[in-house]
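Pasted below: structure25.txt, compact mmCIF, C-alpha atoms.
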```
# COMPACT_ATOMS: atom_id res chain seq x y z
CA ASP A 714 -39.12 -24.65 -26.28
CA LEU A 715 -39.87 -25.43 -29.94
CA ASP A 716 -43.11 -23.43 -29.87
CA GLU A 717 -41.22 -20.24 -28.97
CA SER A 718 -41.21 -17.72 -31.81
CA GLY A 719 -38.17 -15.76 -32.90
CA ALA A 720 -39.54 -12.59 -31.31
CA GLU A 721 -40.25 -14.37 -28.01
CA TYR A 722 -36.78 -15.89 -28.01
CA LYS A 723 -35.19 -12.49 -28.69
CA ALA A 724 -37.25 -10.88 -25.89
CA ARG A 725 -36.27 -13.66 -23.47
CA MET A 726 -32.59 -13.30 -24.35
CA GLU A 727 -32.76 -9.52 -23.82
CA ARG A 728 -34.41 -10.02 -20.40
CA GLN A 729 -31.76 -12.53 -19.40
CA SER A 730 -28.98 -10.22 -20.60
CA MET A 731 -30.43 -7.30 -18.63
CA GLU A 732 -30.77 -9.50 -15.53
CA ALA A 733 -27.20 -10.78 -15.92
CA GLY A 734 -25.96 -7.18 -16.19
CA ARG A 735 -27.89 -6.21 -13.06
CA VAL A 736 -26.49 -9.18 -11.12
CA SER A 737 -22.96 -8.34 -12.32
CA LYS A 738 -23.37 -4.73 -11.20
CA LEU A 739 -24.62 -5.84 -7.76
CA ALA A 740 -21.64 -8.19 -7.40
CA GLU A 741 -19.22 -5.34 -8.31
CA GLU A 742 -20.85 -3.04 -5.74
CA LYS A 743 -20.62 -5.76 -3.09
CA ARG A 744 -16.94 -6.34 -3.89
CA ALA A 745 -16.23 -2.58 -3.69
CA ARG A 746 -17.98 -2.29 -0.29
CA TRP A 747 -16.01 -5.27 1.03
CA ARG A 748 -12.72 -3.79 -0.21
CA GLU A 749 -13.47 -0.41 1.43
CA ALA A 750 -14.32 -2.12 4.72
CA ARG A 751 -11.15 -4.23 4.57
CA GLU A 752 -8.97 -1.20 3.79
CA ALA A 753 -10.54 0.72 6.69
CA GLU A 754 -9.89 -2.24 9.01
CA LEU A 755 -6.22 -2.42 7.98
CA ALA A 756 -5.79 1.35 8.25
CA HIS A 757 -7.37 1.32 11.73
CA GLY A 758 -4.82 -1.31 12.80
CA ALA A 759 -2.04 1.10 11.85
CA GLY A 760 -3.25 3.80 14.22
CA PRO A 761 -3.31 7.48 13.32
CA GLY A 762 -1.16 8.62 10.40
CA PRO A 763 1.30 11.53 10.40
CA THR A 764 -0.07 14.78 11.84
CA GLU A 765 -0.02 18.10 9.96
CA GLU A 766 2.75 19.26 12.30
CA GLN A 767 4.88 16.21 11.44
CA ARG A 768 4.28 16.74 7.71
CA ALA A 769 5.23 20.43 7.91
CA LYS A 770 8.44 19.54 9.75
CA LEU A 771 9.59 17.51 6.72
CA GLY A 772 9.95 20.65 4.58
CA ASP A 773 9.25 20.96 0.87
CA GLY A 774 12.20 18.83 -0.24
CA THR A 775 14.15 21.65 -1.93
CA SER A 776 16.82 22.32 0.70
CA GLY A 777 18.89 20.33 3.16
CA LEU A 778 20.68 17.01 2.92
CA ASP A 779 20.30 15.07 -0.33
CA PHE A 780 18.98 11.53 0.20
CA CYS A 781 18.38 8.75 -2.29
CA LEU A 782 15.77 6.32 -0.96
CA ARG A 783 15.87 2.83 -2.51
CA LEU A 784 12.24 1.74 -2.20
CA PRO A 785 10.94 -1.83 -1.74
CA ASN A 786 9.68 -1.97 -5.35
CA GLY A 787 13.19 -1.26 -6.70
CA LYS A 788 12.52 2.37 -7.62
CA GLN A 789 14.43 5.34 -6.24
CA LEU A 790 13.23 8.57 -4.70
CA ARG A 791 15.61 11.54 -4.38
CA ARG A 792 14.69 14.26 -1.91
CA ARG A 793 16.29 16.82 0.39
CA PHE A 794 15.61 16.80 4.14
CA PRO A 795 16.54 19.37 6.82
CA GLY A 796 19.61 18.13 8.73
CA GLU A 797 17.89 18.52 12.12
CA LEU A 798 15.39 15.78 11.25
CA SER A 799 15.82 12.28 12.65
CA ILE A 800 15.53 8.74 11.31
CA GLY A 801 12.05 8.67 12.88
CA ASP A 802 11.10 11.70 10.76
CA LEU A 803 12.35 9.89 7.67
CA LYS A 804 9.96 7.04 8.51
CA VAL A 805 7.14 9.58 8.89
CA PHE A 806 7.96 10.80 5.38
CA LEU A 807 7.65 7.24 4.07
CA GLN A 808 4.20 7.00 5.68
CA THR A 809 3.11 10.19 3.86
CA LEU A 810 3.76 8.50 0.50
CA ALA A 811 0.52 6.56 1.01
CA ASP A 812 -1.38 9.81 0.31
CA ASP A 813 0.79 10.96 -2.61
CA GLU A 814 -0.69 10.00 -5.98
CA LYS A 815 2.63 10.72 -7.75
CA ALA A 816 4.75 8.67 -5.35
CA PRO A 817 6.90 5.99 -7.06
CA TRP A 818 5.87 3.55 -4.32
CA LYS A 819 3.21 3.32 -1.63
CA PRO A 820 3.60 1.60 1.74
CA SER A 821 1.45 -1.44 2.48
CA LEU A 822 -1.99 -1.01 4.00
CA GLY A 823 -1.96 -0.71 7.76
CA ILE A 824 1.76 -0.02 8.06
CA ARG A 825 3.08 1.71 11.18
CA ARG A 826 6.21 3.80 11.50
CA ASP A 827 7.93 0.97 13.39
CA ASP A 828 7.35 -1.39 10.45
CA PHE A 829 9.92 0.42 8.28
CA CYS A 830 13.49 -0.89 8.29
CA LEU A 831 16.16 1.48 6.99
CA ALA A 832 19.77 0.68 6.14
CA LEU A 833 22.61 2.86 4.90
CA ALA A 834 24.23 1.55 1.71
CA PHE A 835 27.77 2.74 2.49
CA PRO A 836 29.18 2.20 4.98
CA ARG A 837 26.66 -0.59 5.33
CA ARG A 838 24.72 -0.32 8.61
CA ASN A 839 21.17 -0.53 9.86
CA LEU A 840 19.52 2.73 10.94
CA THR A 841 17.67 1.44 14.00
CA ASP A 842 17.81 4.47 16.31
CA ASP A 843 14.81 6.69 15.48
CA SER A 844 16.39 9.59 17.39
CA GLU A 845 19.59 9.59 15.29
CA LEU A 846 19.90 12.86 13.34
CA LEU A 847 20.17 12.85 9.56
CA THR A 848 23.37 14.92 9.82
CA SER A 849 25.10 11.83 11.27
CA VAL A 850 23.98 9.84 8.21
CA GLY A 851 25.50 12.45 5.91
CA ASP A 852 24.74 14.25 2.68
CA ARG A 853 24.11 12.27 -0.53
CA ALA A 854 23.33 9.14 1.45
CA VAL A 855 21.72 6.10 -0.17
CA VAL A 856 19.18 4.50 2.18
CA PHE A 857 17.54 1.12 1.55
CA VAL A 858 13.89 0.93 2.65
CA THR A 859 12.13 -2.34 3.53
CA GLU A 860 8.90 -3.18 5.34
CA ARG A 861 8.69 -5.60 8.24
CA GLN A 862 5.87 -8.00 7.39
CA GLU A 863 5.66 -10.49 10.27
CA GLY A 864 2.14 -10.94 11.62
CA ARG A 865 0.70 -8.10 9.59
CA PRO A 866 -1.69 -8.43 6.64
CA THR A 867 -0.22 -6.38 3.80
CA SER A 868 -2.71 -6.76 0.99
CA ILE A 869 -6.25 -7.57 0.05
CA ASP A 870 -5.86 -10.75 -1.96
CA ALA A 871 -8.26 -12.93 -3.91
CA GLU A 872 -8.08 -15.69 -1.28
CA ALA A 873 -9.26 -13.32 1.46
CA ALA A 874 -12.08 -12.13 -0.79
CA ALA A 875 -13.18 -15.70 -1.53
CA ALA A 876 -13.07 -16.66 2.17
CA SER A 877 -15.35 -13.73 3.00
CA GLY A 878 -17.93 -14.82 0.43
CA VAL A 879 -17.72 -11.49 -1.34
CA ASP A 880 -17.72 -13.15 -4.76
CA ALA A 881 -20.84 -15.22 -4.11
CA VAL A 882 -23.39 -14.40 -6.79
CA LEU A 883 -27.05 -14.25 -5.87
CA TYR A 884 -29.70 -14.57 -8.54
CA PRO A 885 -33.48 -14.33 -8.50
CA ALA A 886 -35.51 -17.51 -8.10
CA ALA A 887 -37.11 -16.74 -11.46
CA LEU A 888 -33.79 -17.60 -13.12
CA SER A 889 -33.53 -20.95 -11.33
CA ARG A 890 -34.62 -22.98 -14.35
CA ASP A 891 -32.21 -21.14 -16.68
CA VAL A 892 -29.30 -21.60 -14.29
CA GLN A 893 -30.02 -25.32 -13.87
CA GLU A 894 -30.30 -25.74 -17.63
CA ALA A 895 -26.90 -24.04 -18.00
CA GLY A 896 -25.35 -27.15 -16.44
CA GLU A 897 -23.63 -28.28 -13.29
CA VAL A 898 -20.72 -26.65 -11.47
CA VAL A 899 -17.62 -28.78 -11.95
CA ASP A 900 -14.43 -28.31 -9.92
CA GLU A 901 -12.45 -31.06 -11.59
CA PRO A 902 -13.25 -33.01 -14.76
CA GLY A 903 -15.73 -35.77 -13.95
CA GLU A 904 -16.63 -34.41 -10.48
CA PRO A 905 -19.99 -32.58 -10.74
CA LYS A 906 -20.93 -30.45 -7.75
CA GLY A 907 -24.64 -30.19 -8.56
CA PRO A 908 -26.80 -27.26 -9.62
CA ARG A 909 -26.62 -23.89 -7.93
CA VAL A 910 -29.41 -23.16 -5.48
CA PRO A 911 -31.24 -19.83 -5.78
CA ILE A 912 -31.42 -17.54 -2.78
CA ARG A 913 -34.91 -16.12 -2.40
```
The structure given in the file should be rewritten as structure tokens.
Amino acid sequence: DLDESGAEYKARMERQSMEAGRVSKLAEEKRARWREAREAELAHGAGPGPTEEQRAKLGDGTSGLDFCLRLPNGKQLRRRFPGELSIGDLKVFLQTLADDEKAPWKPSLGIRRDDFCLALAFPRRNLTDDSELLTSVGDRAVVFVTERQEGRPTSIDAEAAAASGVDAVLYPAALSRDVQEAGEVVDEPGEPKGPRVPIR
């Protein structure tokens, strides 16, 4: 509008900037709520986590057999475990890493104890019997840790967010003219999709 004064233009730009900030904040809040709901859904699928009794049974890590756990992200975790614990207890320990802020690795969302696969480095063998005692594995053992992933969602990715519509941006009808003036949405060069439609 050529009749618009400098002061009017500045005021209009400030209003639009404030409105854009408000819309951005609403979109962030919506994305955060969606992520929390998705994480809760995945955690629910895993069932209850380790109990306090199971955690206490693991000890404080200062005495017992020395284990080096080779984690899925390539990092190592050295810890001592009481010899009377079993392979199943070792898997419980891996589950507890999800709550440890200082852990060098965290298990995937929604993981169950049965989703961990453990293998002894030398002599090479899979540790599939959850009742096997750690004493039979031996002191100073190196154990490879992997996660079984078949049929289980392991992350909250951008594709899942887009499919849910969480990134859809709503704007007030009052901004309709400004949005339409901003141009058309184009997926590929030369293929206009048309103006956005305000949601009232």
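Taking only C-alpha atoms into account, Arg791 (chain A) lies nearest to A:Ala854 out of the set A:Gly734, A:Gly823, A:Ala854, A:Tyr722.
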A straight line from CA of Leu782 (chain A) to CA of Asn839 (chain A) spans 13.9 Å
One decimal place gives the CA of Leu831 (chain A)-CA of Phe857 (chain A) separation as 5.6 Å
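If you measure from each of A:Ala832, A:Ser737, A:Asp852, A:Lys723 to Ser776 (chain A) using all atoms listed in the file, the closest one turns out to be A:Asp852.
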Check: What's the 8 Å shell around Arg861 (chain A), counting only C-alpha atoms, without same-chain residues fewer than 2 positions away, as a list in words?
Finding: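 My list of contacting residues is Asp828, Phe829, Cys830, Thr859 and Glu863 of chain A.
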May I have the residues from that selection written out with C-alpha atoms, as a PDB file, keeping the file's coordinate frame?
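That gives us result.pdb:
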```pdb
ATOM      1  CA  ASP A 828       7.350  -1.390  10.450  1.00  0.00           C
ATOM      2  CA  PHE A 829       9.920   0.420   8.280  1.00  0.00           C
ATOM      3  CA  CYS A 830      13.490  -0.890   8.290  1.00  0.00           C
ATOM      4  CA  THR A 859      12.130  -2.340   3.530  1.00  0.00           C
ATOM      5  CA  GLU A 863       5.660 -10.490  10.270  1.00  0.00           C
TER       6      GLU A 863
END
```
Students should find that CA of Phe835 (chain A) and CA of Arg792 (chain A) are spaced 18.0 Å
Worksheet item: Neighbours of Gly772 (chain A) within 10 Å (all atoms listed in the file; same-chain residues fewer than 3 positions away dropped), as a list in words?
Response: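 Non-adjacent residues within range: Gln767, Arg768, Ala769, Thr775, Ser776, Gly777, Arg793, Phe794, Pro795 and Leu798 of chain A.
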Checklist entry - Using only C-alpha atoms, which of the listed residues (A:Glu732, A:Glu845, A:Glu749, A:Glu860) sits closest to Leu807 (chain A)? => result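 Of all the options, A:Glu860 lies closest to Leu807 (chain A).
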For Lys804 (chain A), the closest of A:Pro817, A:Gly774, A:Pro763, A:Gly787 counting only C-alpha atoms is A:Pro763
Extract, using only C-alpha atoms, all DNA, RNA and protein residues at most 12 Å from Leu810 (chain A), discarding same-chain residues fewer than 3 positions from it, and format them as a PDB file with C-alpha atoms, in the frame of the given file.
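Writing the result to result_7.pdb gives the following:
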```
ATOM      1  CA  GLY A 762      -1.160   8.620  10.400  1.00  0.00           C
ATOM      2  CA  PRO A 763       1.300  11.530  10.400  1.00  0.00           C
ATOM      3  CA  ARG A 768       4.280  16.740   7.710  1.00  0.00           C
ATOM      4  CA  LEU A 784      12.240   1.740  -2.200  1.00  0.00           C
ATOM      5  CA  LEU A 790      13.230   8.570  -4.700  1.00  0.00           C
ATOM      6  CA  LEU A 803      12.350   9.890   7.670  1.00  0.00           C
ATOM      7  CA  LYS A 804       9.960   7.040   8.510  1.00  0.00           C
ATOM      8  CA  VAL A 805       7.140   9.580   8.890  1.00  0.00           C
ATOM      9  CA  PHE A 806       7.960  10.800   5.380  1.00  0.00           C
ATOM     10  CA  LEU A 807       7.650   7.240   4.070  1.00  0.00           C
ATOM     11  CA  ASP A 813       0.790  10.960  -2.610  1.00  0.00           C
ATOM     12  CA  GLU A 814      -0.690  10.000  -5.980  1.00  0.00           C
ATOM     13  CA  LYS A 815       2.630  10.720  -7.750  1.00  0.00           C
ATOM     14  CA  ALA A 816       4.750   8.670  -5.350  1.00  0.00           C
ATOM     15  CA  PRO A 817       6.900   5.990  -7.060  1.00  0.00           C
ATOM     16  CA  TRP A 818       5.870   3.550  -4.320  1.00  0.00           C
ATOM     17  CA  LYS A 819       3.210   3.320  -1.630  1.00  0.00           C
ATOM     18  CA  PRO A 820       3.600   1.600   1.740  1.00  0.00           C
ATOM     19  CA  SER A 821       1.450  -1.440   2.480  1.00  0.00           C
ATOM     20  CA  LEU A 822      -1.990  -1.010   4.000  1.00  0.00           C
ATOM     21  CA  ILE A 824       1.760  -0.020   8.060  1.00  0.00           C
TER      22      ILE A 824
END
```
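With distances taken over all atoms listed in the file, A:Ile800 is the one residue among A:Leu771, A:Ile800, A:Val856, A:Met731 lying closest to Ser844 (chain A).
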